[in-house]
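Trainee: Structure: run.txt, compact mmCIF, C-alpha atoms.
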```txt
# COMPACT_ATOMS: atom_id res chain seq x y z
CA MET O 1 -25.49 -62.01 7.23
CA ALA O 2 -27.18 -64.33 4.73
CA ILE O 3 -28.05 -63.21 1.22
CA GLY O 4 -31.77 -63.12 2.02
CA GLN O 5 -31.21 -60.78 4.95
CA LYS O 6 -29.06 -58.55 2.77
CA ILE O 7 -31.73 -58.41 0.07
CA GLN O 8 -34.35 -57.44 2.64
CA LYS O 9 -32.07 -54.84 4.20
CA LEU O 10 -31.18 -53.28 0.86
CA ARG O 11 -34.77 -53.36 -0.35
CA LYS O 12 -35.99 -51.47 2.71
CA LYS O 13 -33.04 -49.10 2.53
CA ASN O 14 -34.09 -48.22 -1.03
CA TYR O 15 -37.76 -47.88 0.01
CA MET O 16 -38.85 -50.67 -2.31
CA SER O 17 -41.73 -53.04 -1.76
CA GLN O 18 -41.40 -56.72 -2.55
CA GLU O 19 -43.80 -56.18 -5.45
CA LYS O 20 -41.73 -53.39 -6.96
CA LEU O 21 -38.48 -55.32 -6.63
CA ALA O 22 -40.12 -58.41 -8.11
CA GLU O 23 -41.37 -56.39 -11.08
CA GLN O 24 -37.92 -54.91 -11.65
CA LEU O 25 -36.28 -58.34 -11.59
CA GLY O 26 -38.98 -60.12 -13.56
CA VAL O 27 -39.90 -62.56 -10.78
CA SER O 28 -42.90 -63.08 -8.52
CA ARG O 29 -43.35 -61.40 -5.16
CA GLN O 30 -43.35 -64.85 -3.59
CA ALA O 31 -39.85 -65.44 -4.97
CA ILE O 32 -38.60 -62.29 -3.26
CA SER O 33 -40.26 -63.36 -0.03
CA LYS O 34 -38.63 -66.81 -0.19
CA TRP O 35 -35.22 -65.26 -0.78
CA GLU O 36 -35.60 -62.97 2.20
CA VAL O 37 -36.67 -65.70 4.63
CA GLY O 38 -34.01 -68.08 3.35
CA GLU O 39 -36.28 -70.67 1.76
CA SER O 40 -34.47 -70.27 -1.56
CA ILE O 41 -31.66 -68.24 -3.08
CA PRO O 42 -31.64 -66.19 -6.30
CA ASP O 43 -29.99 -67.51 -9.44
CA THR O 44 -26.73 -65.97 -10.61
CA ASP O 45 -28.41 -63.71 -13.17
CA LYS O 46 -30.78 -62.42 -10.49
CA VAL O 47 -27.86 -61.73 -8.17
CA ILE O 48 -26.35 -59.56 -10.90
CA GLN O 49 -29.67 -57.75 -11.35
CA LEU O 50 -29.91 -57.25 -7.59
CA SER O 51 -26.42 -55.77 -7.45
CA LEU O 52 -27.35 -53.30 -10.19
CA ALA O 53 -30.69 -52.45 -8.61
CA PHE O 54 -29.12 -51.76 -5.22
CA ASP O 55 -25.77 -50.37 -6.43
CA VAL O 56 -23.74 -52.91 -4.48
CA PRO O 57 -21.05 -55.37 -5.62
CA THR O 58 -22.16 -58.95 -6.22
CA ASP O 59 -19.56 -60.09 -3.69
CA TYR O 60 -21.48 -58.28 -0.98
CA LEU O 61 -24.57 -60.33 -1.77
CA LEU O 62 -22.84 -63.66 -2.28
CA PHE O 63 -20.39 -63.86 0.61
CA ASP O 64 -21.63 -63.88 4.19
CA ASP O 65 -18.61 -62.47 5.99
CA MET O 66 -16.48 -60.89 3.31
CA ILE O 67 -17.91 -57.39 3.51
CA ASP O 68 -20.20 -57.52 6.52
CA CYS O 69 -17.53 -56.03 8.76
CA LYS O 70 -17.56 -52.81 6.74
CA ASP O 71 -21.13 -53.18 5.55
CA ASP O 72 -22.86 -49.80 5.50
CA ALA O 73 -19.72 -47.70 5.06
CA VAL O 74 -18.66 -49.65 1.96
CA ILE O 75 -22.13 -49.61 0.45
CA ALA O 76 -22.63 -45.91 1.15
CA ASN O 77 -19.23 -45.00 -0.27
CA GLU O 78 -19.61 -47.08 -3.43
CA THR O 79 -23.16 -45.90 -3.97
CA THR O 80 -22.12 -42.26 -3.57
CA ASN O 81 -19.24 -42.68 -6.02
CA LYS O 82 -21.44 -44.35 -8.62
CA ARG O 83 -24.12 -41.71 -8.30
CA MET O 84 -21.58 -38.92 -8.57
CA ASP O 85 -20.18 -40.53 -11.73
CA ILE O 86 -23.64 -40.18 -13.26
CA ALA O 87 -24.69 -36.91 -11.62
CA ILE O 88 -21.62 -34.94 -12.72
CA PRO O 89 -22.40 -35.33 -16.47
CA VAL O 90 -25.99 -34.27 -15.73
CA ILE O 91 -24.84 -31.10 -13.96
CA ALA O 92 -22.13 -30.32 -16.51
CA ALA O 93 -24.34 -30.89 -19.55
CA THR O 94 -27.19 -28.90 -18.02
CA GLY O 95 -24.80 -26.03 -17.36
CA VAL O 96 -23.63 -26.08 -20.98
CA SER O 97 -27.25 -26.23 -22.14
CA LEU O 98 -28.04 -23.16 -20.04
CA ILE O 99 -25.08 -21.35 -21.59
CA GLY O 100 -26.46 -22.29 -25.01
CA LEU O 101 -29.81 -20.74 -24.11
CA LEU O 102 -28.12 -17.54 -22.94
CA ILE O 103 -26.17 -17.41 -26.21
CA SER O 104 -29.43 -17.76 -28.15
CA ILE O 105 -31.07 -14.99 -26.12
CA ALA O 106 -28.10 -12.66 -26.61
CA ALA O 107 -27.96 -13.47 -30.33
CA TYR O 108 -31.68 -12.86 -30.75
CA PHE O 109 -31.64 -9.44 -29.14
CA THR O 110 -28.46 -8.49 -31.00
CA TRP O 111 -29.09 -9.77 -34.53
CA GLN O 112 -32.59 -11.31 -34.49
CA THR O 113 -31.77 -13.96 -37.08
CA VAL O 114 -32.43 -17.67 -37.01
CA PHE O 115 -28.83 -18.40 -37.97
CA THR O 116 -27.28 -16.57 -35.02
CA VAL O 117 -29.83 -17.97 -32.58
CA SER O 118 -29.09 -21.48 -33.84
CA VAL O 119 -25.52 -21.17 -32.53
CA GLY O 120 -26.90 -21.49 -29.01
CA LEU O 121 -29.02 -24.44 -30.08
CA ILE O 122 -25.92 -26.16 -31.48
CA VAL O 123 -24.24 -25.69 -28.09
CA GLN O 124 -27.25 -27.32 -26.43
CA ILE O 125 -27.21 -30.25 -28.84
CA THR O 126 -23.51 -30.68 -28.08
CA ALA O 127 -24.39 -30.81 -24.38
CA ILE O 128 -26.91 -33.59 -25.04
CA ILE O 129 -24.37 -35.59 -27.05
CA PHE O 130 -21.84 -35.18 -24.23
CA PHE O 131 -24.37 -36.33 -21.64
CA GLU O 132 -25.42 -39.39 -23.64
CA ALA O 133 -21.78 -40.35 -24.25
CA MET O 134 -20.97 -40.12 -20.54
CA ARG O 135 -24.16 -41.95 -19.57
CA THR O 136 -23.33 -44.81 -21.93
CA LYS O 137 -19.81 -44.93 -20.56
CA ASN O 138 -21.09 -45.32 -16.99
CA ASN O 139 -23.58 -47.99 -18.09
CA GLU O 140 -25.40 -48.01 -14.76
CA SER O 141 -29.03 -49.00 -14.32
CA LYS O 142 -29.54 -45.91 -12.16
CA SER O 143 -28.47 -43.74 -15.11
CA LYS O 144 -31.96 -44.20 -16.54
CA ILE O 145 -33.33 -42.17 -13.64
CA TYR O 146 -30.72 -39.46 -14.13
CA ARG O 147 -31.49 -39.46 -17.85
CA ARG O 148 -35.14 -38.67 -17.13
CA HIS O 149 -34.08 -35.92 -14.73
CA PHE O 150 -31.71 -34.49 -17.33
CA TYR O 151 -34.28 -34.31 -20.11
CA SER O 152 -37.10 -33.12 -17.86
CA ILE O 153 -34.91 -30.12 -16.99
CA ASN O 154 -33.23 -29.54 -20.32
CA LEU O 155 -36.33 -29.60 -22.47
CA TRP O 156 -37.28 -26.32 -20.74
CA LEU O 157 -33.90 -24.90 -21.76
CA ILE O 158 -33.86 -26.24 -25.32
CA LEU O 159 -37.42 -25.64 -26.52
CA PRO O 160 -37.94 -21.85 -26.13
CA PHE O 161 -36.52 -20.76 -29.48
CA PRO O 162 -37.64 -23.78 -31.54
CA VAL O 163 -41.18 -23.18 -30.27
CA PHE O 164 -40.87 -19.44 -30.85
CA TYR O 165 -39.71 -19.74 -34.45
CA SER O 166 -42.15 -22.56 -35.23
CA PHE O 167 -44.97 -20.40 -33.95
CA GLN O 168 -43.73 -17.40 -35.92
CA PHE O 169 -43.57 -19.51 -39.07
CA ALA O 170 -47.12 -20.78 -38.55
CA LEU O 171 -48.40 -17.24 -38.00
CA GLU O 172 -47.03 -16.17 -41.37
CA PHE O 173 -50.07 -17.87 -42.88
CA TYR O 174 -52.44 -15.83 -40.70
CA PRO O 175 -53.89 -13.23 -43.09
CA TYR O 176 -54.88 -10.57 -40.56
CA PRO O 177 -52.82 -7.97 -38.68
CA ARG O 178 -51.30 -9.22 -35.44
CA LEU O 179 -50.08 -7.64 -32.23
CA LEU O 180 -46.59 -8.57 -31.06
CA LEU O 181 -47.81 -8.93 -27.48
CA ILE O 182 -50.49 -11.42 -28.56
CA ASP O 183 -47.91 -13.36 -30.58
CA LEU O 184 -45.61 -13.59 -27.58
CA LEU O 185 -48.47 -14.59 -25.30
CA PHE O 186 -49.56 -17.46 -27.54
CA THR O 187 -45.94 -18.53 -28.00
CA ALA O 188 -45.46 -18.63 -24.23
CA ILE O 189 -48.67 -20.62 -23.74
CA THR O 190 -47.61 -23.11 -26.41
CA TYR O 191 -44.16 -23.45 -24.86
CA LEU O 192 -45.49 -23.97 -21.34
CA PHE O 193 -48.12 -26.43 -22.52
CA LEU O 194 -45.66 -28.47 -24.57
CA CYS O 195 -43.00 -28.59 -21.85
CA GLY O 196 -45.61 -29.35 -19.21
CA ILE O 197 -47.03 -32.27 -21.18
CA ILE O 198 -43.60 -33.78 -21.86
CA THR O 199 -42.56 -33.36 -18.22
CA PHE O 200 -45.79 -35.00 -17.06
CA VAL O 201 -45.25 -37.96 -19.39
CA MET O 202 -41.68 -38.37 -18.14
CA ARG O 203 -42.79 -38.35 -14.51
CA LYS O 204 -45.54 -40.86 -15.22
CA ALA O 205 -42.98 -43.12 -16.89
CA ARG O 206 -40.79 -42.89 -13.79
CA THR O 207 -43.51 -44.13 -11.44
```
Hey, can you dump this file as structure tokens for me?

Mentor:
Amino acid sequence: MAIGQKIQKLRKKNYMSQEKLAEQLGVSRQAISKWEVGESIPDTDKVIQLSLAFDVPTDYLLFDDMIDCKDDAVIANETTNKRMDIAIPVIAATGVSLIGLLISIAAYFTWQTVFTVSVGLIVQITAIIFFEAMRTKNNESKSKIYRRHFYSINLWLILPFPVFYSFQFALEFYPYPRLLLIDLLFTAITYLFLCGIITFVMRKART
């Protein structure tokens, strides 16, 4: 199978249009079309970008017969392994972040002090540092997608108490008597609005 056929096959397998692939590689759609029909071949740097975009080794793209005999099985296996290498830190760090939130909740209802609640926040920050360290270690282009997934989930876990205490601090300047239920309601609305906006922005950036 020629390199152009492989590019077309991988592009369709990843549900990418020629326009989207061209944008990702920094070339024109016509260039992608010419590669796929065999009128031209990509430069070496573009082959490297293609291998990263499709999660396949460059050898698969460059050599006609070297990997064709084990084609889909090799690609599927390598792709799965690479994705697991990135997904595991996401799952692990998110789990630690959830534990941090539970620690903060338990600390709040037990002692109700900022200091004790911050212990859980420190655990969550540690989870973020761990995730970023593992993501950098993997150094995969796909890790950007997992990074967005990680933060779009974890901001909901990390922000509750920072929003709560920020809101409580702001309300200290309110000169009139307040009801606890109203305070909690406005805190919840602020939290949901803030997380919703950030999540929306992240999803827009992904498209």

Trainee: Record the distance separating atom CA of O:Leu180 and atom CA of O:Gln168, expressed in Å with one decimal.

Mentor: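 Taking atom CA of O:Leu180 as the start and atom CA of O:Gln168 as the end point, the length is 10.5 Å.
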
Trainee: Report as a list in words all protein, DNA and RNA residues lying within 9 Å of O:Phe164, evaluated on only C-alpha atoms, omitting residues in the same chain fewer than 4 positions from it.

Mentor: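 With the cut-off at 9 Å, the set is Leu159, Pro160, Gln168, Phe169, Leu184, Thr187, Ala188, Thr190 and Tyr191 of chain O.
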
Trainee: Need the shell around O:Ile105: protein/DNA/RNA residues with any atom at most 12 Å away, counting all atoms listed in the file. Skip same-chain ones fewer than 5 positions apart. Format as a ChimeraX atom specification?

Mentor: /O:98-100,110-114,116-121,157-158,160-161,164

Trainee: For O:Val123, which residue out of O:Val96, O:Ala107, O:Ile88, O:Ile153 is the nearest one, using all atoms listed in the file?

Mentor: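 So, comparing all the options, the nearest one is O:Val96.
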
Trainee: Rounded to one decimal in Å, what is the spacing between atom CA of O:Tyr146 and atom CA of O:Ile91?

Mentor: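 Distance reported for this atom pair: 10.2 Å.
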
Trainee: Please determine, counting all atoms listed in the file, which residue among O:Gln124, O:Leu50, O:Tyr165, O:Phe200 has the shortest atom-to-atom distance to O:Asp183.

Mentor: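 Closest to O:Asp183, using all atoms listed in the file: O:Tyr165.
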
Trainee: For a test of reading the model, state the distance in Å between atom CA of O:Glu19 and atom CA of O:Pro42, rounded to one decimal.

Mentor: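 So the answer is 15.8 Å.
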
Trainee: How big is the axis-aligned box around the listed atoms of stretch 177-181 of chain O once 4 Å is added on each side, and where is its centre? Give both in Å to one decimal, as JSON.

Mentor:
```
{"center_x": -49.7, "center_y": -8.4, "center_z": -33.1, "size_x": 14.2, "size_y": 9.6, "size_z": 19.2}
```

Trainee: Can you put N, CA and C atoms back into stretch 98-126 of chain O and show it as a short mmCIF file (atom, residue, chain, number, x, y, z; two decimals), in the frame of the given file?

Mentor:
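The resulting file, result31.cif, is shown below:
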```cif
data_model
loop_
_atom_site.label_atom_id
_atom_site.label_comp_id
_atom_site.auth_asym_id
_atom_site.auth_seq_id
_atom_site.Cartn_x
_atom_site.Cartn_y
_atom_site.Cartn_z
N LEU O 98 -27.62 -24.49 -20.49
CA LEU O 98 -28.04 -23.16 -20.04
C LEU O 98 -27.22 -22.07 -20.73
N ILE O 99 -25.93 -22.31 -20.87
CA ILE O 99 -25.08 -21.35 -21.59
C ILE O 99 -25.56 -21.21 -23.03
N GLY O 100 -25.94 -22.33 -23.64
CA GLY O 100 -26.46 -22.29 -25.01
C GLY O 100 -27.71 -21.44 -25.11
N LEU O 101 -28.60 -21.56 -24.11
CA LEU O 101 -29.81 -20.74 -24.11
C LEU O 101 -29.47 -19.26 -23.98
N LEU O 102 -28.52 -18.94 -23.11
CA LEU O 102 -28.12 -17.54 -22.94
C LEU O 102 -27.49 -16.99 -24.22
N ILE O 103 -26.74 -17.83 -24.92
CA ILE O 103 -26.17 -17.41 -26.21
C ILE O 103 -27.29 -17.11 -27.21
N SER O 104 -28.30 -17.97 -27.24
CA SER O 104 -29.43 -17.76 -28.15
C SER O 104 -30.17 -16.46 -27.83
N ILE O 105 -30.38 -16.21 -26.53
CA ILE O 105 -31.07 -14.99 -26.12
C ILE O 105 -30.27 -13.75 -26.53
N ALA O 106 -28.96 -13.80 -26.25
CA ALA O 106 -28.10 -12.66 -26.61
C ALA O 106 -28.08 -12.46 -28.12
N ALA O 107 -28.00 -13.57 -28.86
CA ALA O 107 -27.96 -13.47 -30.33
C ALA O 107 -29.27 -12.93 -30.88
N TYR O 108 -30.38 -13.33 -30.26
CA TYR O 108 -31.68 -12.86 -30.75
C TYR O 108 -31.82 -11.35 -30.57
N PHE O 109 -31.48 -10.87 -29.40
CA PHE O 109 -31.64 -9.44 -29.14
C PHE O 109 -30.58 -8.59 -29.84
N THR O 110 -29.50 -9.24 -30.29
CA THR O 110 -28.46 -8.49 -31.00
C THR O 110 -28.70 -8.48 -32.50
N TRP O 111 -28.97 -9.67 -33.07
CA TRP O 111 -29.09 -9.77 -34.53
C TRP O 111 -30.49 -10.17 -35.01
N GLN O 112 -31.23 -10.88 -34.17
CA GLN O 112 -32.59 -11.31 -34.49
C GLN O 112 -32.66 -12.12 -35.79
N THR O 113 -31.74 -13.05 -35.93
CA THR O 113 -31.77 -13.96 -37.08
C THR O 113 -31.76 -15.40 -36.59
N VAL O 114 -32.38 -16.26 -37.37
CA VAL O 114 -32.43 -17.67 -37.01
C VAL O 114 -31.02 -18.26 -36.96
N PHE O 115 -30.18 -17.85 -37.88
CA PHE O 115 -28.83 -18.40 -37.97
C PHE O 115 -28.04 -18.13 -36.69
N THR O 116 -28.06 -16.90 -36.22
CA THR O 116 -27.28 -16.57 -35.02
C THR O 116 -27.87 -17.24 -33.77
N VAL O 117 -29.19 -17.31 -33.72
CA VAL O 117 -29.83 -17.97 -32.58
C VAL O 117 -29.50 -19.46 -32.57
N SER O 118 -29.36 -20.04 -33.76
CA SER O 118 -29.09 -21.48 -33.84
C SER O 118 -27.72 -21.86 -33.28
N VAL O 119 -26.83 -20.88 -33.14
CA VAL O 119 -25.52 -21.17 -32.53
C VAL O 119 -25.72 -21.69 -31.11
N GLY O 120 -26.60 -21.04 -30.37
CA GLY O 120 -26.90 -21.49 -29.01
C GLY O 120 -27.52 -22.87 -29.00
N LEU O 121 -28.38 -23.13 -29.99
CA LEU O 121 -29.02 -24.44 -30.08
C LEU O 121 -27.99 -25.53 -30.37
N ILE O 122 -27.00 -25.21 -31.19
CA ILE O 122 -25.92 -26.16 -31.48
C ILE O 122 -25.14 -26.49 -30.20
N VAL O 123 -24.92 -25.47 -29.38
CA VAL O 123 -24.24 -25.69 -28.09
C VAL O 123 -25.07 -26.64 -27.23
N GLN O 124 -26.38 -26.46 -27.23
CA GLN O 124 -27.25 -27.32 -26.43
C GLN O 124 -27.26 -28.75 -26.95
N ILE O 125 -27.26 -28.91 -28.26
CA ILE O 125 -27.21 -30.25 -28.84
C ILE O 125 -25.89 -30.93 -28.49
N THR O 126 -24.81 -30.15 -28.49
CA THR O 126 -23.51 -30.68 -28.08
C THR O 126 -23.56 -31.16 -26.63
#
```
